[in-house]
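S.K.: This is the structure, below, for whatever I ask next.
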Amino acid sequence: MVLESRDEIANLIFLVDEALDDGRFEAVGALLAHARCTTATTGTVIVGSQAVVDDCRRSIRLHADGLPHTLTLSTNLLHDIDDAAGRARVQSVFTVWQQADGFALQPILAGAQHDTFERVDGRWRFATREIEVRHAGDLSAHVLTGSGSSGDGR
Amino acid sequence: MTGTAATHGAVRSSADEIRDLIHRYSWLVDQAEFDEMAALFEHAVTSNGKDSSIEMGSPAELAAMYRGNHRLYDVDVGVAEREGPARRPLCRHLCTNVIIDIDDGHPSGERATARSKYVVQQAVAETGFALQAIVAGRYHDTFERVDGRWRFVERVFFVDLVGDLSAHHLSAAH
């Protein structure tokens, strides 16, 4: 095996961040296709790739060029991996940075992610994701109004 | 804490070595050690993501470019004595989200790609420039393993989010 489980799993977390920043919501949905996604603060639950895509479309504002103009970072990964059982739990901290026309570079959202993973047919995938928003900044350039953000449409 | 040989003496993985290369770049830029930084790319093509056809040149040219466009400040004498360069950009790169893909079946030997993200933070006490993020973006890197060691073969720099670069750049050109 070329990558260790912890690196494969970290890749999954970072791939979600990357797809969100690229505005590739179908890719977000595909990565979370088998995951039960919840938002700790609101109790919203999202299940299934289409529901994730819909949630992203509903809550994330795309600017004139079709991009969210965000850079979503996940750091401080704490791994608890049971390789033999093919189960893993990883908690991490996320920070969303943004800059757009007339909107200065700043962090707009920060919190924690509690993820679990399962290995199916030799590949790791998300089993559950719980988003805990702890600090919200100026979301005026990021969130579409009226959204009850959830699954991964942070 | 004491560690056992099994956990601390283990051979580092390719992923660890590749992350170290990415983080070494950040460290060397922040230390204003531009020649050492450029040496990381001795076997690499570097380019700007906006127009990847524009190569950033040889290591010597890359070092000269960084030397030319980074505003440097005096650092505390004690710090300089302990850690080297007395004049630095007074910024720190946070580098994270390293997505690594290793291809050990590549026809030209072991290859890997890594996509990562950075946020550069800066503060300049002498001018009252408060601690803030000044620029953020991504690196798309390709590595090869030669004689058992990983090295850069390509880096594409992407500047995505731009803040106040007035304390960072000597010119508007990046």
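Just remember, in the structure tokens the first chain shown is A, the second B, etc., residues are 1-based per chain, and ligands are 1-based in the order shown.
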For a quick test of understanding: name the residues of chain A lying within 7 Å of chain B when counting only C-alpha atoms, and present them as a VMD selection string.
M.R.: chain A and resid 2 11 14 73 to 75 98 to 99 104 to 105
S.K.: So that I can check the surroundings of Arg119 (chain A), please list as a list in words every protein, DNA and RNA residue that reaches within 9 Å of it, counting only C-alpha atoms and ignoring chain neighbours fewer than 2 positions away.
M.R.: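 Near Arg119 (chain A), the qualifying residues are Asp83, Ala85, Gly86, Arg87, Ala88, Phe117, Asp121, Gly122, Arg123, Trp124, Arg125 and Phe126 of chain A.
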S.K.: With only C-alpha atoms as the basis for distance, which of A:Asp55, A:Glu4, A:Asp138, A:Asp80 is at the shortest distance from Thr38 (chain A)?
M.R.: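 The closest residue to Thr38 (chain A) is A:Asp55.
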S.K.: One number please: CA of Glu42 (chain B) to CA of His70 (chain B), in Å, one decimal.
M.R.: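 Value for the CA of Glu42 (chain B)-CA of His70 (chain B) distance: 20.8 Å.
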S.K.: I'd like the contact shell of Arg24 (chain B) - 9 Å cut-off, only C-alpha atoms, skipping same-chain residues fewer than 4 positions apart - returned as a list in words.
M.R.: Arg19, Asp20, Leu28, Val29, Met37 and Leu40 of chain B
S.K.: Measuring atom to atom with only C-alpha atoms, identify which of A:His63, A:Arg89, A:Arg57, A:His34 is nearest to Thr116 (chain A).
M.R.: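 That would be A:Arg89, the residue with the smallest distance to Thr116 (chain A).
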